[in-house]
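Please read the structure below before turning to the comments.
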Amino acid sequence: MTALNFFDHPLTGTPFGFALDLCVILAVAVWLLSVLTRDYSLVDTLWTLLPPVYCLIVAAHEDFGSVRVNIMTALVVAWSARLTFNHARKGGLRLRNMDYRWLYTREKLGRVGFQVLNITFIAPGQMLLIWLFTSPVHQAWLGQETPLGWLDILAVGLFLVLLIGEAVSDEQMWRFQREKKKRLADGEPVTEPFMDTGLFRYSRHPSYFCELGMWWVFYLFAVAASGQWLNWTGLGVILLTALLAGSIRLTESISAGKYPGYRDYQAVTPMLIPLPRRRR
């Protein structure tokens with residue numbers, strides 16, 4: 001696992017250190033490809049694929065002999081399979097099918113500003129973040145002699161509930177968007193331009209809630225393995241929370257500008273944590 005250790009760092013010689021070397025190589029490759037092709041969507045695809053790869057590197061290093069690491073890997077593989085499927089059916093695997101938020105950001109920042117964002121955040125920043133929020137598997141590897149306990153069982157249960165919740169939320173949004181596109185194609189009026197039913201009645205972003213919840217729960221395995229509630233592997237999910245908070249703000253500013261009724265929806269529906277609607 002030291003074949004790709006082309007520079008020294010605190011994790012050199014560990015399986016997750018090997019994953020870090022792979023992360024650095026991919027970050028450079030993604031940035032170069034984005035400059036050459038002007039396609040900034042590759043990192044969105046790798047976002048769904050790399051976490052299970054990093055976990056599998058750690059699990060394979062122990063010949064799949066660590067029960068906790070195996071459980072964590074299985075959960076992340078399930079997460080990846082569902083998210084990759086949802087990403088693919090929306091056309092996310094096609095070349096030059098960039099997320100509309102990147103197009104909006106490029107228009108706002110201009111060509112030079114967007115390239116500065118690309119070389120600092122879009123390619124290397126996000127690639128490092130993916131490695132970071134997967135890092136609890138490294139703590140589990142370090143504490144693999146610690147037997148499974150109640151916290152591990154709780155983490156498995158919560159992760160699966162949140163995984164199902166995100167699947168339901170994405171399916172509801174998928175069906176809504178398909179029906180909306182069909183109506184527009186048929187020249188029929190669209191009376192509901194944005195989703196506000198199903199799980200979206202209780203949260204404006206139920207998928208984000210479940211996504212963040214799963215990675216916070218993933219960190220519980222590191223706590224169970226180390227016996228410490230605070231360790232450096234929690235940094236990834238903290239940064240992921242900050243990233244998604246910014247993404248939500250950007251998404252909502254675009255939606256509020258497009259749909260006159262969106263601010264009324266914001267006034268009565270919680271942004272993230274699912275709760276009953278408020279009275280105005």
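Letters A, B, ... mark the chains of the structure tokens in the order given; residue numbers begin at 1 per chain; ligand numbers begin at 1, in order shown.
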
| task | Taking the DSSP assignment computed from this structure's backbone, write out as number ranges by chain all residues of region 39-197 of chain A that belong to alpha helix (DSSP H). | result | A: 42-61, 67-89, 100-117, 124-133, 136-142, 150-185

Could you write out the selected residues, including C-alpha atoms, as a short mmCIF file (atom, residue, chain, number, x, y, z; two decimals), in the first residue's frame?
data_model
loop_
_atom_site.label_atom_id
_atom_site.label_comp_id
_atom_site.auth_asym_id
_atom_site.auth_seq_id
_atom_site.Cartn_x
_atom_site.Cartn_y
_atom_site.Cartn_z
CA LEU A 42 -16.45 15.07 -13.41
CA VAL A 43 -16.03 15.75 -9.71
CA ASP A 44 -19.79 15.33 -9.26
CA THR A 45 -19.55 11.80 -10.63
CA LEU A 46 -16.47 10.96 -8.55
CA TRP A 47 -18.33 12.25 -5.49
CA THR A 48 -20.60 9.20 -5.66
CA LEU A 49 -17.84 6.69 -6.50
CA LEU A 50 -14.78 7.50 -4.41
CA PRO A 51 -16.05 6.99 -0.82
CA PRO A 52 -16.60 3.24 -1.34
CA VAL A 53 -13.22 3.00 -3.09
CA TYR A 54 -11.46 4.57 -0.09
CA CYS A 55 -13.32 2.29 2.33
CA LEU A 56 -12.56 -0.79 0.22
CA ILE A 57 -8.85 0.09 0.25
CA VAL A 58 -8.89 -0.01 4.05
CA ALA A 59 -11.05 -3.15 4.25
CA ALA A 60 -8.95 -5.02 1.67
CA HIS A 61 -5.75 -4.13 3.53
CA VAL A 67 -15.94 -6.45 11.23
CA ARG A 68 -16.48 -2.73 11.94
CA VAL A 69 -14.58 -1.65 8.82
CA ASN A 70 -16.53 -4.20 6.76
CA ILE A 71 -19.85 -2.85 8.07
CA MET A 72 -18.82 0.72 7.30
CA THR A 73 -17.69 -0.29 3.82
CA ALA A 74 -20.96 -2.13 3.10
CA LEU A 75 -23.00 0.90 4.17
CA VAL A 76 -20.97 3.26 1.98
CA VAL A 77 -21.24 0.88 -0.99
CA ALA A 78 -25.05 0.92 -0.54
CA TRP A 79 -24.95 4.73 -0.29
CA SER A 80 -22.88 4.93 -3.47
CA ALA A 81 -25.06 2.54 -5.46
CA ARG A 82 -28.22 4.50 -4.69
CA LEU A 83 -26.68 7.92 -5.27
CA THR A 84 -24.93 6.85 -8.48
CA PHE A 85 -28.21 5.45 -9.82
CA ASN A 86 -30.01 8.71 -9.04
CA HIS A 87 -27.18 10.75 -10.56
CA ALA A 88 -27.14 8.61 -13.72
CA ARG A 89 -30.87 8.71 -14.41
CA TYR A 100 -27.02 24.33 -13.18
CA ARG A 101 -25.42 25.85 -10.07
CA TRP A 102 -21.97 25.68 -11.69
CA LEU A 103 -23.35 27.49 -14.75
CA TYR A 104 -24.93 30.12 -12.50
CA THR A 105 -21.69 30.55 -10.52
CA ARG A 106 -19.60 30.85 -13.68
CA GLU A 107 -21.89 33.58 -14.97
CA LYS A 108 -21.64 35.48 -11.69
CA LEU A 109 -17.88 35.15 -11.21
CA GLY A 110 -16.77 35.59 -14.80
CA ARG A 111 -14.17 33.52 -16.64
CA VAL A 112 -11.15 34.41 -14.47
CA GLY A 113 -12.97 34.23 -11.16
CA PHE A 114 -14.47 30.87 -12.03
CA GLN A 115 -11.06 29.44 -12.94
CA VAL A 116 -9.71 30.59 -9.58
CA LEU A 117 -12.62 28.77 -7.94
CA PRO A 124 -8.79 19.86 -5.40
CA GLY A 125 -11.00 21.22 -2.63
CA GLN A 126 -13.91 18.87 -3.24
CA MET A 127 -11.65 15.87 -3.87
CA LEU A 128 -9.96 16.43 -0.51
CA LEU A 129 -13.35 16.86 1.15
CA ILE A 130 -14.51 13.47 -0.17
CA TRP A 131 -11.42 11.87 1.36
CA LEU A 132 -11.99 13.71 4.63
CA PHE A 133 -15.62 12.79 5.23
CA PRO A 136 -13.81 7.74 10.08
CA VAL A 137 -12.95 4.41 8.42
CA HIS A 138 -9.30 5.16 9.25
CA GLN A 139 -10.16 5.61 12.93
CA ALA A 140 -12.09 2.34 12.80
CA TRP A 141 -9.01 0.69 11.30
CA LEU A 142 -6.83 2.03 14.11
CA TRP A 150 -24.30 -0.41 21.19
CA LEU A 151 -23.03 2.69 19.38
CA ASP A 152 -22.17 0.63 16.30
CA ILE A 153 -25.65 -0.94 16.30
CA LEU A 154 -27.25 2.49 16.67
CA ALA A 155 -25.12 3.85 13.82
CA VAL A 156 -26.13 1.01 11.47
CA GLY A 157 -29.83 1.51 12.24
CA LEU A 158 -29.74 5.29 11.80
CA PHE A 159 -27.69 5.07 8.60
CA LEU A 160 -30.18 2.67 7.02
CA VAL A 161 -33.18 4.80 8.03
CA LEU A 162 -31.56 7.89 6.53
CA LEU A 163 -30.56 5.98 3.40
CA ILE A 164 -34.18 4.93 2.88
CA GLY A 165 -35.34 8.50 3.59
CA GLU A 166 -33.03 9.93 0.95
CA ALA A 167 -34.14 7.30 -1.57
CA VAL A 168 -37.80 8.19 -0.97
CA SER A 169 -37.08 11.92 -1.22
CA ASP A 170 -35.14 11.57 -4.48
CA GLU A 171 -37.83 9.34 -5.97
CA GLN A 172 -40.52 11.89 -5.12
CA MET A 173 -38.49 14.66 -6.73
CA TRP A 174 -37.75 12.51 -9.79
CA ARG A 175 -41.43 11.80 -10.40
CA PHE A 176 -42.34 15.45 -9.85
CA GLN A 177 -39.73 16.69 -12.33
CA ARG A 178 -40.73 14.11 -14.95
CA GLU A 179 -44.38 15.13 -14.68
CA LYS A 180 -43.43 18.80 -14.86
CA LYS A 181 -41.33 18.28 -18.00
CA LYS A 182 -44.12 16.26 -19.59
CA ARG A 183 -46.65 19.03 -18.96
CA LEU A 184 -44.32 21.65 -20.40
CA ALA A 185 -43.63 19.49 -23.45
#

| message | Applying 6 Å and only C-alpha atoms, which residues near region 24-35 of chain A remain after dropping the ones on its own chain fewer than 3 positions away? List them as a count of residues only. | response | 7

| request: Determine the nearest neighbour of Ile122 (chain A) from the options A:Ser41, A:Trp232, A:Lys258, A:Phe200, counting only C-alpha atoms. | output: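 Under the stated criterion, the closest residue is A:Ser41.
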
| How many Å lie between CA of Gly234 (chain A) and CA of Tyr219 (chain A), rounded to one decimal? |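 Separation between CA of Gly234 (chain A) and CA of Tyr219 (chain A): 6.3 Å.
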
| task | Determine the nearest neighbour of Cys210 (chain A) from the options A:Leu239, A:Leu230, A:Leu244, A:Val190, counting only C-alpha atoms. | result |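 With only C-alpha atoms as the atom set, the closest residue is A:Leu244.
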